[in-house]
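S.K.: Structure file entry_33.csv (CSV, C-alpha atoms and all ligand atoms) right here:
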chain,number,residue,atom,x,y,z
A,26,MET,CA,-6.8,28.3,9.7
A,27,LYS,CA,-3.9,27.3,12.0
A,28,ALA,CA,-1.1,25.4,10.4
A,29,ILE,CA,2.5,24.5,11.1
A,30,VAL,CA,4.7,25.6,8.3
A,31,ILE,CA,8.4,25.8,7.1
A,32,ASN,CA,9.7,29.1,5.6
A,33,ARG,CA,13.1,27.6,5.0
A,34,HIS,CA,14.9,24.3,5.1
A,35,GLY,CA,16.7,23.1,8.2
A,36,GLY,CA,16.2,21.1,11.4
A,37,PRO,CA,12.9,20.7,13.4
A,38,GLU,CA,13.4,24.2,14.7
A,39,VAL,CA,12.3,25.7,11.3
A,40,LEU,CA,8.7,24.5,11.9
A,41,GLU,CA,6.6,27.4,13.0
A,42,PRO,CA,2.9,28.3,13.6
A,43,ALA,CA,1.1,30.3,10.9
A,44,ASP,CA,-2.4,31.5,10.1
A,45,LEU,CA,-3.2,30.5,6.5
A,46,PRO,CA,-6.3,31.0,4.4
A,47,PRO,CA,-8.4,27.9,4.5
A,48,PRO,CA,-8.1,25.7,1.4
A,49,GLN,CA,-10.8,25.9,-1.2
A,50,PRO,CA,-11.6,22.5,-2.7
A,51,LYS,CA,-11.4,22.2,-6.5
A,52,GLN,CA,-13.5,19.9,-8.7
A,53,GLY,CA,-13.2,16.3,-7.5
A,54,GLU,CA,-11.8,17.3,-4.1
A,55,THR,CA,-13.1,16.9,-0.5
A,56,LEU,CA,-12.5,19.5,2.2
A,57,VAL,CA,-11.4,17.7,5.4
A,58,ARG,CA,-11.2,19.0,9.0
A,59,ILE,CA,-8.0,17.3,10.1
A,60,LEU,CA,-8.3,15.8,13.6
A,61,ALA,CA,-5.2,13.6,13.4
A,62,ALA,CA,-2.1,13.6,11.2
A,63,ALA,CA,0.9,11.3,11.1
A,64,ALA,CA,4.5,12.5,11.2
A,65,ASN,CA,6.4,10.3,8.7
A,66,PRO,CA,10.2,9.9,8.1
A,67,ALA,CA,9.7,11.7,4.8
A,68,ASP,CA,8.5,14.9,6.5
A,69,GLY,CA,12.0,15.5,8.0
A,70,LYS,CA,13.6,14.9,4.6
A,71,TRP,CA,11.4,17.5,2.9
A,72,ARG,CA,12.0,19.8,5.8
A,73,ALA,CA,15.8,19.4,5.4
A,74,GLY,CA,15.6,20.0,1.7
A,75,LEU,CA,16.7,16.5,0.6
A,76,PHE,CA,14.3,16.5,-2.4
A,77,GLU,CA,14.9,20.2,-3.4
A,78,SER,CA,16.9,19.3,-6.5
A,79,PHE,CA,14.0,17.6,-8.2
A,80,ALA,CA,10.9,18.8,-6.3
A,81,PRO,CA,11.5,22.3,-5.0
A,82,VAL,CA,8.9,23.6,-2.5
A,83,GLY,CA,7.5,27.1,-2.2
A,84,PHE,CA,7.3,28.8,1.2
A,85,PRO,CA,5.4,28.8,3.4
A,86,HIS,CA,5.1,25.0,3.0
A,87,VAL,CA,2.8,22.8,5.1
A,88,LEU,CA,4.4,19.3,5.6
A,89,GLY,CA,2.4,16.1,6.4
A,90,TYR,CA,1.3,13.2,4.2
A,91,ASP,CA,-1.3,11.4,6.3
A,92,VAL,CA,-4.6,12.7,7.7
A,93,ALA,CA,-7.8,11.5,9.4
A,94,GLY,CA,-10.8,13.7,10.2
A,95,GLU,CA,-14.3,14.8,9.3
A,96,VAL,CA,-15.6,16.0,5.9
A,97,ILE,CA,-16.5,19.7,5.9
A,98,GLY,CA,-17.6,19.9,2.2
A,99,GLY,CA,-16.6,19.4,-1.4
A,100,GLU,CA,-17.2,16.2,-3.4
A,101,GLY,CA,-17.1,12.5,-2.7
A,102,PHE,CA,-18.4,12.2,0.9
A,103,ALA,CA,-21.2,13.6,3.0
A,104,PRO,CA,-20.4,16.4,5.4
A,105,GLY,CA,-19.5,14.9,8.8
A,106,ALA,CA,-18.2,11.6,7.3
A,107,ARG,CA,-15.1,10.3,9.0
A,108,VAL,CA,-12.3,9.9,6.3
A,109,PHE,CA,-8.6,9.1,6.1
A,110,GLY,CA,-6.0,9.0,3.4
A,111,MET,CA,-2.6,9.9,2.0
A,112,LEU,CA,-2.2,13.4,0.5
A,113,ASP,CA,-0.4,14.2,-2.7
A,114,PRO,CA,3.2,13.9,-1.6
A,115,PHE,CA,4.2,17.0,-3.6
A,116,ARG,CA,1.3,19.2,-2.2
A,117,LYS,CA,1.2,17.7,1.3
A,118,GLY,CA,-0.7,19.8,3.9
A,119,GLY,CA,-1.3,17.5,6.9
A,120,TYR,CA,0.1,19.8,9.6
A,121,ALA,CA,-3.0,22.0,9.5
A,122,GLU,CA,-6.6,22.3,10.6
A,123,GLN,CA,-8.0,21.7,7.1
A,124,VAL,CA,-6.9,20.3,3.8
A,125,ALA,CA,-8.5,19.8,0.3
A,126,VAL,CA,-7.8,16.3,-1.0
A,127,ALA,CA,-8.7,14.4,-4.2
A,128,ALA,CA,-11.8,12.5,-3.1
A,129,ASP,CA,-10.5,9.3,-4.7
A,130,HIS,CA,-7.4,9.4,-2.4
A,131,LEU,CA,-9.7,9.2,0.7
A,132,ALA,CA,-11.4,6.2,2.3
A,133,PRO,CA,-14.1,6.1,5.0
A,134,VAL,CA,-12.8,5.4,8.5
A,135,PRO,CA,-14.2,2.0,9.5
A,136,ASP,CA,-16.6,1.9,12.5
A,137,GLY,CA,-14.6,1.2,15.7
A,138,LEU,CA,-11.4,2.6,14.3
A,139,ASP,CA,-10.2,5.8,16.1
A,140,LEU,CA,-8.8,8.7,14.1
A,141,PRO,CA,-5.2,8.6,15.4
A,142,THR,CA,-5.0,5.0,14.3
A,143,ALA,CA,-6.6,5.8,10.9
A,144,ALA,CA,-4.0,8.6,10.5
A,145,ALA,CA,-1.2,6.1,11.2
A,146,ILE,CA,-2.2,3.9,8.3
A,147,PRO,CA,-2.0,5.6,4.9
A,148,THR,CA,1.6,6.3,3.7
A,149,ALA,CA,3.1,3.3,5.6
A,150,GLY,CA,0.3,1.0,4.7
A,151,LEU,CA,0.1,2.0,1.0
A,152,THR,CA,3.8,1.7,0.6
A,153,GLY,CA,4.0,-1.8,2.1
A,154,LEU,CA,1.0,-3.0,0.2
A,155,GLN,CA,1.9,-1.4,-3.1
A,156,MET,CA,5.5,-2.7,-3.0
A,157,VAL,CA,4.1,-6.3,-2.6
A,158,GLU,CA,1.2,-6.0,-5.1
A,159,ARG,CA,2.1,-3.4,-7.7
A,160,GLY,CA,5.9,-3.3,-7.4
A,161,LEU,CA,6.7,-7.0,-7.4
A,162,ASP,CA,3.3,-8.8,-7.8
A,163,LEU,CA,4.6,-11.4,-5.4
A,164,GLN,CA,3.1,-14.9,-5.7
A,165,ALA,CA,2.4,-17.7,-3.2
A,166,GLY,CA,5.5,-19.7,-2.4
A,167,GLN,CA,8.0,-17.1,-3.6
A,168,ARG,CA,10.8,-16.2,-1.1
A,169,LEU,CA,11.1,-12.6,-0.2
A,170,MET,CA,13.7,-10.9,1.9
A,171,LEU,CA,12.2,-7.9,3.7
A,172,THR,CA,14.3,-5.3,5.5
A,173,GLY,CA,13.1,-3.2,8.4
A,174,ALA,CA,10.1,-5.5,8.8
A,175,LEU,CA,9.2,-4.1,12.2
A,176,GLY,CA,9.0,-0.5,10.9
A,177,ALA,CA,5.8,1.1,9.8
A,178,VAL,CA,6.2,0.3,6.1
A,179,GLY,CA,7.8,-3.1,6.9
A,180,ARG,CA,4.9,-4.3,9.0
A,181,PHE,CA,2.4,-3.6,6.2
A,182,ALA,CA,4.7,-5.3,3.6
A,183,LEU,CA,5.0,-8.3,5.8
A,184,PHE,CA,1.2,-8.4,6.2
A,185,ALA,CA,0.6,-8.0,2.5
A,186,ALA,CA,3.2,-10.7,1.6
A,187,LYS,CA,1.8,-13.2,4.1
A,188,GLU,CA,-1.7,-12.5,2.8
A,189,ARG,CA,-0.4,-13.7,-0.6
A,190,GLY,CA,1.3,-16.8,0.8
A,191,VAL,CA,4.8,-15.5,0.3
A,192,HIS,CA,7.7,-17.0,2.4
A,193,VAL,CA,9.2,-13.9,4.2
A,194,THR,CA,12.7,-13.7,5.6
A,195,ALA,CA,12.8,-10.5,7.7
A,196,ALA,CA,16.1,-8.7,8.1
A,197,VAL,CA,15.8,-6.5,11.2
A,198,ARG,CA,17.9,-5.0,14.1
A,199,ALA,CA,19.1,-7.7,16.4
A,200,ALA,CA,16.8,-6.3,19.1
A,201,HIS,CA,13.8,-6.8,16.8
A,202,VAL,CA,14.4,-10.5,15.9
A,203,GLU,CA,11.8,-12.0,18.3
A,204,ALA,CA,9.2,-9.3,17.8
A,205,VAL,CA,9.2,-9.8,14.0
A,206,ARG,CA,9.0,-13.6,14.3
A,207,ALA,CA,5.9,-13.1,16.4
A,208,LEU,CA,4.4,-10.9,13.6
A,209,GLY,CA,4.7,-13.9,11.2
A,210,ALA,CA,8.1,-13.7,9.6
A,211,ASP,CA,9.1,-17.2,8.5
A,212,ASP,CA,12.9,-16.6,9.0
A,213,VAL,CA,14.7,-13.7,10.6
A,214,ILE,CA,18.2,-12.3,10.0
A,215,ALA,CA,19.9,-9.8,12.4
A,216,LEU,CA,20.7,-7.1,9.8
A,217,GLY,CA,24.4,-6.3,9.8
A,218,LYS,CA,25.2,-9.0,12.3
A,219,GLU,CA,24.4,-12.2,10.4
A,220,ASP,CA,24.9,-13.5,6.8
A,221,TRP,CA,22.3,-15.8,5.3
A,222,SER,CA,22.9,-19.5,4.5
A,223,GLY,CA,19.4,-20.6,3.6
A,224,ALA,CA,17.7,-20.7,0.2
A,225,SER,CA,18.2,-17.8,-2.2
A,226,PHE,CA,15.5,-15.1,-2.4
A,227,ASP,CA,13.2,-14.5,-5.4
A,228,HIS,CA,13.0,-10.8,-4.6
A,229,VAL,CA,13.9,-8.1,-2.0
A,230,ILE,CA,11.8,-5.4,-0.5
A,231,ASP,CA,14.0,-2.9,1.3
A,232,THR,CA,13.0,-0.1,3.7
A,233,VAL,CA,16.5,0.6,5.2
A,234,GLY,CA,19.1,0.8,2.5
A,235,GLY,CA,22.9,0.8,3.0
A,236,GLU,CA,25.8,-1.7,2.9
A,237,ALA,CA,24.4,-4.4,5.2
A,238,VAL,CA,21.3,-4.7,2.9
A,239,GLY,CA,23.5,-4.8,-0.1
A,240,ALA,CA,25.5,-7.7,1.4
A,241,LEU,CA,22.3,-9.7,1.9
A,242,CYS,CA,21.0,-8.9,-1.6
A,243,ARG,CA,23.8,-11.0,-2.9
A,244,HIS,CA,21.6,-14.0,-2.0
A,245,LEU,CA,19.1,-13.0,-4.7
A,246,LYS,CA,18.3,-15.5,-7.4
A,247,PRO,CA,19.3,-14.5,-11.0
A,248,GLY,CA,16.5,-12.3,-12.4
A,249,GLY,CA,15.4,-11.4,-8.9
A,250,ARG,CA,14.5,-7.7,-8.2
A,251,VAL,CA,15.5,-5.4,-5.3
A,252,LEU,CA,12.7,-2.8,-4.7
A,253,THR,CA,13.7,-0.1,-2.2
A,254,ALA,CA,11.7,2.7,-0.5
A,255,ALA,CA,14.7,4.0,1.4
A,256,THR,CA,16.6,7.1,0.5
A,257,THR,CA,19.9,5.6,1.7
A,258,PRO,CA,21.3,3.9,-1.4
A,259,ILE,CA,22.1,0.2,-1.6
A,260,PRO,CA,25.6,-0.4,-3.1
A,261,SER,CA,24.8,-2.3,-6.3
A,262,ASP,CA,28.2,-3.8,-7.1
A,263,GLU,CA,28.0,-7.6,-7.5
A,264,LEU,CA,24.2,-7.7,-7.3
A,265,PRO,CA,22.2,-9.7,-9.9
A,266,SER,CA,20.1,-6.6,-10.6
A,267,ALA,CA,20.3,-2.9,-9.8
A,268,PRO,CA,18.1,-1.7,-6.9
A,269,GLU,CA,14.9,0.0,-8.1
A,270,PHE,CA,13.4,2.9,-6.1
A,271,PHE,CA,9.6,2.5,-5.4
A,272,ALA,CA,7.4,5.6,-4.9
A,273,VAL,CA,4.1,5.2,-3.1
A,274,VAL,CA,1.0,6.7,-4.6
A,275,PRO,CA,-2.2,7.9,-2.8
A,276,SER,CA,-5.1,5.5,-3.3
A,277,GLY,CA,-8.6,5.5,-1.7
A,278,PRO,CA,-9.3,1.9,-2.8
A,279,ASP,CA,-6.1,0.6,-1.3
A,280,ALA,CA,-6.8,2.7,1.9
A,281,VAL,CA,-10.2,1.0,2.1
A,282,ARG,CA,-8.6,-2.4,2.2
A,283,LEU,CA,-5.9,-1.3,4.7
A,284,GLY,CA,-8.5,0.3,7.0
A,285,ALA,CA,-10.6,-2.9,6.9
A,286,ALA,CA,-7.5,-5.1,7.8
A,287,VAL,CA,-6.7,-2.8,10.8
A,288,ALA,CA,-10.3,-2.6,12.0
A,289,GLN,CA,-10.6,-6.4,11.8
A,290,GLY,CA,-7.5,-6.8,13.9
A,291,ARG,CA,-5.6,-8.6,11.1
A,292,ILE,CA,-2.7,-6.1,11.4
A,293,ALA,CA,-1.8,-3.9,14.4
A,294,VAL,CA,-0.6,-0.3,13.9
A,295,PRO,CA,1.4,0.7,17.0
A,296,ILE,CA,1.3,4.3,18.0
A,297,ALA,CA,4.3,5.6,20.0
A,298,ARG,CA,3.2,9.1,20.8
A,299,ILE,CA,0.2,11.4,20.3
A,300,LEU,CA,1.1,15.1,20.5
A,301,PRO,CA,-0.9,18.3,19.8
A,302,LEU,CA,-0.2,19.9,16.4
A,303,ASP,CA,1.7,22.8,17.9
A,304,GLN,CA,4.4,20.2,19.0
A,305,ALA,CA,5.1,19.2,15.4
A,306,ALA,CA,8.8,20.0,15.9
A,307,GLU,CA,9.0,17.6,18.8
A,308,ALA,CA,7.2,15.0,16.7
A,309,GLN,CA,9.7,15.3,13.9
A,310,ARG,CA,12.6,15.1,16.4
A,311,LEU,CA,11.2,11.8,17.6
A,312,VAL,CA,10.7,10.4,14.1
A,313,ASP,CA,14.1,11.6,12.9
A,314,ALA,CA,15.8,9.9,15.9
A,315,GLY,CA,14.1,6.5,15.2
A,316,GLY,CA,13.8,3.6,17.6
A,317,LEU,CA,10.1,4.3,18.3
A,318,ASN,CA,8.5,1.1,17.1
A,319,GLY,CA,5.3,3.1,16.4
A,320,LYS,CA,3.9,6.1,14.7
A,321,VAL,CA,3.9,9.7,16.0
A,322,ILE,CA,0.5,11.3,15.6
A,323,LEU,CA,-0.4,15.0,15.8
A,324,THR,CA,-3.9,16.0,16.9
A,325,ASN,CA,-6.1,19.1,16.5
B,401,LIG,N1,9.6,5.6,-1.4
B,401,LIG,C1,8.4,5.8,-0.8
B,401,LIG,O1,7.4,5.9,-1.4
B,401,LIG,C2,8.4,5.7,0.7
B,401,LIG,C3,7.2,5.7,1.4
B,401,LIG,C4,7.2,5.6,2.8
B,401,LIG,C5,8.4,5.5,3.5
B,401,LIG,N2,9.5,5.6,2.8
B,401,LIG,C6,10.8,5.5,3.5
B,401,LIG,O2,11.0,4.1,3.9
B,401,LIG,C7,11.8,4.2,5.1
B,401,LIG,C8,11.0,3.4,6.2
B,401,LIG,O3,9.9,4.2,6.6
B,401,LIG,P1,9.0,3.8,7.8
B,401,LIG,O4,7.9,4.7,7.9
B,401,LIG,O5,8.8,2.3,7.8
B,401,LIG,O6,10.0,4.1,9.0
B,401,LIG,P2,10.1,3.4,10.5
B,401,LIG,O7,8.8,3.2,11.0
B,401,LIG,O8,11.1,4.2,11.2
B,401,LIG,O9,10.8,2.0,10.2
B,401,LIG,C9,12.1,1.8,9.8
B,401,LIG,C10,12.5,0.5,10.4
B,401,LIG,O10,13.8,0.1,9.9
B,401,LIG,C11,14.7,-0.1,11.1
B,401,LIG,N3,16.0,0.4,10.7
B,401,LIG,C12,16.5,1.6,10.5
B,401,LIG,N4,17.8,1.6,10.2
B,401,LIG,C13,18.2,0.3,10.4
B,401,LIG,C14,19.4,-0.4,10.3
B,401,LIG,N5,20.5,0.3,9.9
B,401,LIG,N6,19.5,-1.7,10.5
B,401,LIG,C15,18.3,-2.4,10.8
B,401,LIG,N7,17.1,-1.8,10.9
B,401,LIG,C16,17.1,-0.5,10.7
B,401,LIG,C17,14.1,0.8,12.1
B,401,LIG,O11,14.5,0.4,13.4
B,401,LIG,P3,14.7,1.6,14.5
B,401,LIG,O12,13.3,2.2,14.7
B,401,LIG,O13,15.2,0.8,15.7
B,401,LIG,O14,15.6,2.6,13.9
B,401,LIG,C18,12.6,0.5,11.9
B,401,LIG,O15,12.2,-0.7,12.5
B,401,LIG,C19,12.1,5.6,5.4
B,401,LIG,O16,13.3,5.9,4.8
B,401,LIG,C20,11.0,6.4,4.7
B,401,LIG,O17,11.3,7.7,4.3
B,401,LIG,C21,9.6,5.7,1.4
Will you turn the file into structure tokens for me?

M.R.:
Amino acid sequence: MKAIVINRHGGPEVLEPADLPPPQPKQGETLVRILAAAANPADGKWRAGLFESFAPVGFPHVLGYDVAGEVIGGEGFAPGARVFGMLDPFRKGGYAEQVAVAADHLAPVPDGLDLPTAAAIPTAGLTGLQMVERGLDLQAGQRLMLTGALGAVGRFALFAAKERGVHVTAAVRAAHVEAVRALGADDVIALGKEDWSGASFDHVIDTVGGEAVGALCRHLKPGGRVLTAATTPIPSDELPSAPEFFAVVPSGPDAVRLGAAVAQGRIAVPIARILPLDQAAEAQRLVDAGGLNGKVILTN
């Protein structure tokens, strides 16, 4: 099968086409024909070798966490079924024509949802949802500070927090203030430009990292937690508690709920660009540069 692989770490130019043996599904796995795959910020970090010290990859390595497509065979779903989901982050394999996935990491694509949109959901959606539900178990009436709330993860965290009746103060780029208010944030801070003089926060969900986030975290109540998905560290001096890194896990049941929310129009998933798989390097350049306000999707 056709795939886009890396044979060394580096910039987007290390992505190259390859012809690989098609994956053979093991027990409990589904074989999926990939028709759409998302490019995520993590792809560029794996490509650059950022995680090499604790999770070395063998070459050739196929990047890509998120897929949507049709079932070819294996277990869990009927051949031809439309499915989507997040792949094991250590195995990956989204930048290809086929992948074998644990069946319980997949969900059916709801009727009416197109495959590029389904591929845009899993990693970002699962991260946002799981930070709210599994990470902090936020409760109605609690006050959350959420950074990067207009990003892919941030939008889903905002959605999941509002579903639970949480009061959300979004900290975003100054240019994003109005847009995030329109998405339902109760209060908005221009990150790095404004301090906060309102009520203290029960907890923080961070998707940005860095000093400006650390400065706002000083408005955390005693006992409050800072959960971060970002790889840029938050300086922890003077904070009531040390930031905790949150790692998303694939989940078919969580993907079912996210797919339903998107199909029902309860949350929008903007797509910035759709490119053919052989333009994976261009997709990663776009994602690495940021400022897209939407996902980049690769199609077969
Ligand atoms: N730990 C995990 O399990 C996990 C899972 C998923 C994602 N992540 C990480 O979480 C982060 C966010 O992912 P994502 O998919 O949501 O990315 P994204 O869609 O690019 O969203 C990031 C958002 O943060 C904003 N932002 C970036 N730097 C900022 C700054 N200095 N000040 C204010 N706003 C800033 C971006 O604005 P612009 O677009 O204007 O730059 C964008 O709105 C990435 O680092 C990703 O690798 C971690």

S.K.: What does the distance from atom CA of Asp220 of chain A to atom CA of Gly176 of chain A come to in Å, to one decimal?

M.R.: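 According to the coordinates, atom CA of Asp220 of chain A and atom CA of Gly176 of chain A are separated by 20.9 Å.
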
S.K.: What do you get as a list of chain:residue names if you pick all residues at most 6 Å from ligand LIG 401 (chain B), counting all atoms listed in the file?

M.R.: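 Residues lying within 6 Å of ligand LIG 401 (chain B): A:Asn65, A:Pro66, A:Ala67, A:Thr148, A:Ala149, A:Thr152, A:Gly173, A:Leu175, A:Gly176, A:Ala177, A:Val178, A:Gly179, A:Val197, A:Arg198, A:Leu216, A:Thr232, A:Val233, A:Ala254, A:Ala255, A:Thr256, A:Phe271, A:Ala272, A:Val273, A:Gly315, A:Gly316, A:Leu317, A:Asn318.
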
S.K.: Could you write out the selected residues, including C-alpha atoms, as a PDB file, keeping the file's coordinate frame?

M.R.:
ATOM      1  CA  ASN A  65       6.400  10.300   8.700  1.00  0.00           C
ATOM      2  CA  PRO A  66      10.200   9.900   8.100  1.00  0.00           C
ATOM      3  CA  ALA A  67       9.700  11.700   4.800  1.00  0.00           C
ATOM      4  CA  THR A 148       1.600   6.300   3.700  1.00  0.00           C
ATOM      5  CA  ALA A 149       3.100   3.300   5.600  1.00  0.00           C
ATOM      6  CA  THR A 152       3.800   1.700   0.600  1.00  0.00           C
ATOM      7  CA  GLY A 173      13.100  -3.200   8.400  1.00  0.00           C
ATOM      8  CA  LEU A 175       9.200  -4.100  12.200  1.00  0.00           C
ATOM      9  CA  GLY A 176       9.000  -0.500  10.900  1.00  0.00           C
ATOM     10  CA  ALA A 177       5.800   1.100   9.800  1.00  0.00           C
ATOM     11  CA  VAL A 178       6.200   0.300   6.100  1.00  0.00           C
ATOM     12  CA  GLY A 179       7.800  -3.100   6.900  1.00  0.00           C
ATOM     13  CA  VAL A 197      15.800  -6.500  11.200  1.00  0.00           C
ATOM     14  CA  ARG A 198      17.900  -5.000  14.100  1.00  0.00           C
ATOM     15  CA  LEU A 216      20.700  -7.100   9.800  1.00  0.00           C
ATOM     16  CA  THR A 232      13.000  -0.100   3.700  1.00  0.00           C
ATOM     17  CA  VAL A 233      16.500   0.600   5.200  1.00  0.00           C
ATOM     18  CA  ALA A 254      11.700   2.700  -0.500  1.00  0.00           C
ATOM     19  CA  ALA A 255      14.700   4.000   1.400  1.00  0.00           C
ATOM     20  CA  THR A 256      16.600   7.100   0.500  1.00  0.00           C
ATOM     21  CA  PHE A 271       9.600   2.500  -5.400  1.00  0.00           C
ATOM     22  CA  ALA A 272       7.400   5.600  -4.900  1.00  0.00           C
ATOM     23  CA  VAL A 273       4.100   5.200  -3.100  1.00  0.00           C
ATOM     24  CA  GLY A 315      14.100   6.500  15.200  1.00  0.00           C
ATOM     25  CA  GLY A 316      13.800   3.600  17.600  1.00  0.00           C
ATOM     26  CA  LEU A 317      10.100   4.300  18.300  1.00  0.00           C
ATOM     27  CA  ASN A 318       8.500   1.100  17.100  1.00  0.00           C
TER      28      ASN A 318
END

S.K.: Could you list, with a cut-off of 10 Å and counting only C-alpha atoms, the residues of segment 251-294 of chain A near segment 182-190 of chain A, each shown with its nearest atom pair and the distance in Å rounded to one decimal, rows sorted by chain and ascending number, as JSON lines?

M.R.:
{"residue": "A:Leu283", "atom": "CA", "partner": "A:Ala185", "partner_atom": "CA", "distance": 9.6}
{"residue": "A:Ala286", "atom": "CA", "partner": "A:Phe184", "partner_atom": "CA", "distance": 9.4}
{"residue": "A:Arg291", "atom": "CA", "partner": "A:Phe184", "partner_atom": "CA", "distance": 8.4}
{"residue": "A:Ile292", "atom": "CA", "partner": "A:Phe184", "partner_atom": "CA", "distance": 6.9}
{"residue": "A:Ala293", "atom": "CA", "partner": "A:Phe184", "partner_atom": "CA", "distance": 9.8}

S.K.: Which distance in Å separates atom CA of Ser276 of chain A and atom CA of Ile146 of chain A, to one decimal?

M.R.: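 Pair atom CA of Ser276 of chain A / atom CA of Ile146 of chain A returns 12.1 Å.
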
S.K.: Do you have the atom CA of Thr142 of chain A-atom CA of Gly160 of chain A distance handy?

M.R.: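 According to the coordinates, atom CA of Thr142 of chain A and atom CA of Gly160 of chain A are separated by 25.7 Å.
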
S.K.: When you count all atoms listed in the file, which of these residues is closest to Gly89 of chain A: A:Thr172, A:Gln309, A:Ser266, A:Thr253?

M.R.: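 Among A:Thr172, A:Gln309, A:Ser266, A:Thr253, it is A:Gln309 that comes nearest to Gly89 of chain A.
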
S.K.: For segment 34-40 of chain A, list every protein, DNA or RNA residue within 6 Å, evaluated using all atoms listed in the file, and leave out those in the same chain fewer than 3 positions away; present the list as a ChimeraX atom specification.

M.R.: /A:30-31,72-74,306

S.K.: List the residues sitting within 12 Å of (24.5, -10.7, -1.8) in the file's frame, using only C-alpha atoms, as a PDB file with C-alpha atoms, in the frame of the given file.

M.R.:
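Saved result, result_17.pdb, follows:
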ATOM      1  CA  MET A 170      13.700 -10.900   1.900  1.00  0.00           C
ATOM      2  CA  ASP A 220      24.900 -13.500   6.800  1.00  0.00           C
ATOM      3  CA  TRP A 221      22.300 -15.800   5.300  1.00  0.00           C
ATOM      4  CA  SER A 222      22.900 -19.500   4.500  1.00  0.00           C
ATOM      5  CA  SER A 225      18.200 -17.800  -2.200  1.00  0.00           C
ATOM      6  CA  PHE A 226      15.500 -15.100  -2.400  1.00  0.00           C
ATOM      7  CA  HIS A 228      13.000 -10.800  -4.600  1.00  0.00           C
ATOM      8  CA  VAL A 229      13.900  -8.100  -2.000  1.00  0.00           C
ATOM      9  CA  GLU A 236      25.800  -1.700   2.900  1.00  0.00           C
ATOM     10  CA  ALA A 237      24.400  -4.400   5.200  1.00  0.00           C
ATOM     11  CA  VAL A 238      21.300  -4.700   2.900  1.00  0.00           C
ATOM     12  CA  GLY A 239      23.500  -4.800  -0.100  1.00  0.00           C
ATOM     13  CA  ALA A 240      25.500  -7.700   1.400  1.00  0.00           C
ATOM     14  CA  LEU A 241      22.300  -9.700   1.900  1.00  0.00           C
ATOM     15  CA  CYS A 242      21.000  -8.900  -1.600  1.00  0.00           C
ATOM     16  CA  ARG A 243      23.800 -11.000  -2.900  1.00  0.00           C
ATOM     17  CA  HIS A 244      21.600 -14.000  -2.000  1.00  0.00           C
ATOM     18  CA  LEU A 245      19.100 -13.000  -4.700  1.00  0.00           C
ATOM     19  CA  LYS A 246      18.300 -15.500  -7.400  1.00  0.00           C
ATOM     20  CA  PRO A 247      19.300 -14.500 -11.000  1.00  0.00           C
ATOM     21  CA  GLY A 249      15.400 -11.400  -8.900  1.00  0.00           C
ATOM     22  CA  VAL A 251      15.500  -5.400  -5.300  1.00  0.00           C
ATOM     23  CA  ILE A 259      22.100   0.200  -1.600  1.00  0.00           C
ATOM     24  CA  PRO A 260      25.600  -0.400  -3.100  1.00  0.00           C
ATOM     25  CA  SER A 261      24.800  -2.300  -6.300  1.00  0.00           C
ATOM     26  CA  ASP A 262      28.200  -3.800  -7.100  1.00  0.00           C
ATOM     27  CA  GLU A 263      28.000  -7.600  -7.500  1.00  0.00           C
ATOM     28  CA  LEU A 264      24.200  -7.700  -7.300  1.00  0.00           C
ATOM     29  CA  PRO A 265      22.200  -9.700  -9.900  1.00  0.00           C
ATOM     30  CA  SER A 266      20.100  -6.600 -10.600  1.00  0.00           C
ATOM     31  CA  ALA A 267      20.300  -2.900  -9.800  1.00  0.00           C
TER      32      ALA A 267
END

S.K.: Restricting the calculation to only C-alpha atoms, which member of A:Pro268, A:Gly290, A:Gly209, A:Glu203 is positioned closest to Gly235 of chain A?

M.R.: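 Ranking A:Pro268, A:Gly290, A:Gly209, A:Glu203 by distance to Gly235 of chain A, first place goes to A:Pro268.
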
S.K.: Can you pull out the residues contacting Gly118 of chain A? Cut-off 9 Å, using only C-alpha atoms, and skip same-chain residues under 2 positions away; I want them as a PDB file with C-alpha atoms, keeping the file's coordinate frame.

M.R.:
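Okay, this is what ended up in result_38.pdb:
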ATOM      1  CA  ALA A  28      -1.100  25.400  10.400  1.00  0.00           C
ATOM      2  CA  HIS A  86       5.100  25.000   3.000  1.00  0.00           C
ATOM      3  CA  VAL A  87       2.800  22.800   5.100  1.00  0.00           C
ATOM      4  CA  LEU A  88       4.400  19.300   5.600  1.00  0.00           C
ATOM      5  CA  GLY A  89       2.400  16.100   6.400  1.00  0.00           C
ATOM      6  CA  TYR A  90       1.300  13.200   4.200  1.00  0.00           C
ATOM      7  CA  ASP A  91      -1.300  11.400   6.300  1.00  0.00           C
ATOM      8  CA  VAL A  92      -4.600  12.700   7.700  1.00  0.00           C
ATOM      9  CA  LEU A 112      -2.200  13.400   0.500  1.00  0.00           C
ATOM     10  CA  ASP A 113      -0.400  14.200  -2.700  1.00  0.00           C
ATOM     11  CA  PRO A 114       3.200  13.900  -1.600  1.00  0.00           C
ATOM     12  CA  ARG A 116       1.300  19.200  -2.200  1.00  0.00           C
ATOM     13  CA  TYR A 120       0.100  19.800   9.600  1.00  0.00           C
ATOM     14  CA  ALA A 121      -3.000  22.000   9.500  1.00  0.00           C
ATOM     15  CA  GLN A 123      -8.000  21.700   7.100  1.00  0.00           C
ATOM     16  CA  VAL A 124      -6.900  20.300   3.800  1.00  0.00           C
ATOM     17  CA  ALA A 125      -8.500  19.800   0.300  1.00  0.00           C
TER      18      ALA A 125
END

S.K.: Using only C-alpha atoms, can you tell me which of A:Pro258, A:Gly319, A:Gly217, A:Pro133 comes closest to Ala285 of chain A?

M.R.: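 The shortest atom-to-atom distance to Ala285 of chain A comes from A:Pro133.
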
S.K.: I need every residue sitting at most 12 Å from the point (-0.4, 19.7, 26.7) (coordinates as in the file, all atoms listed in the file considered), written as JSON, numbers by chain.

M.R.: {"A": [299, 300, 301, 302, 303, 304, 323, 324, 325]}
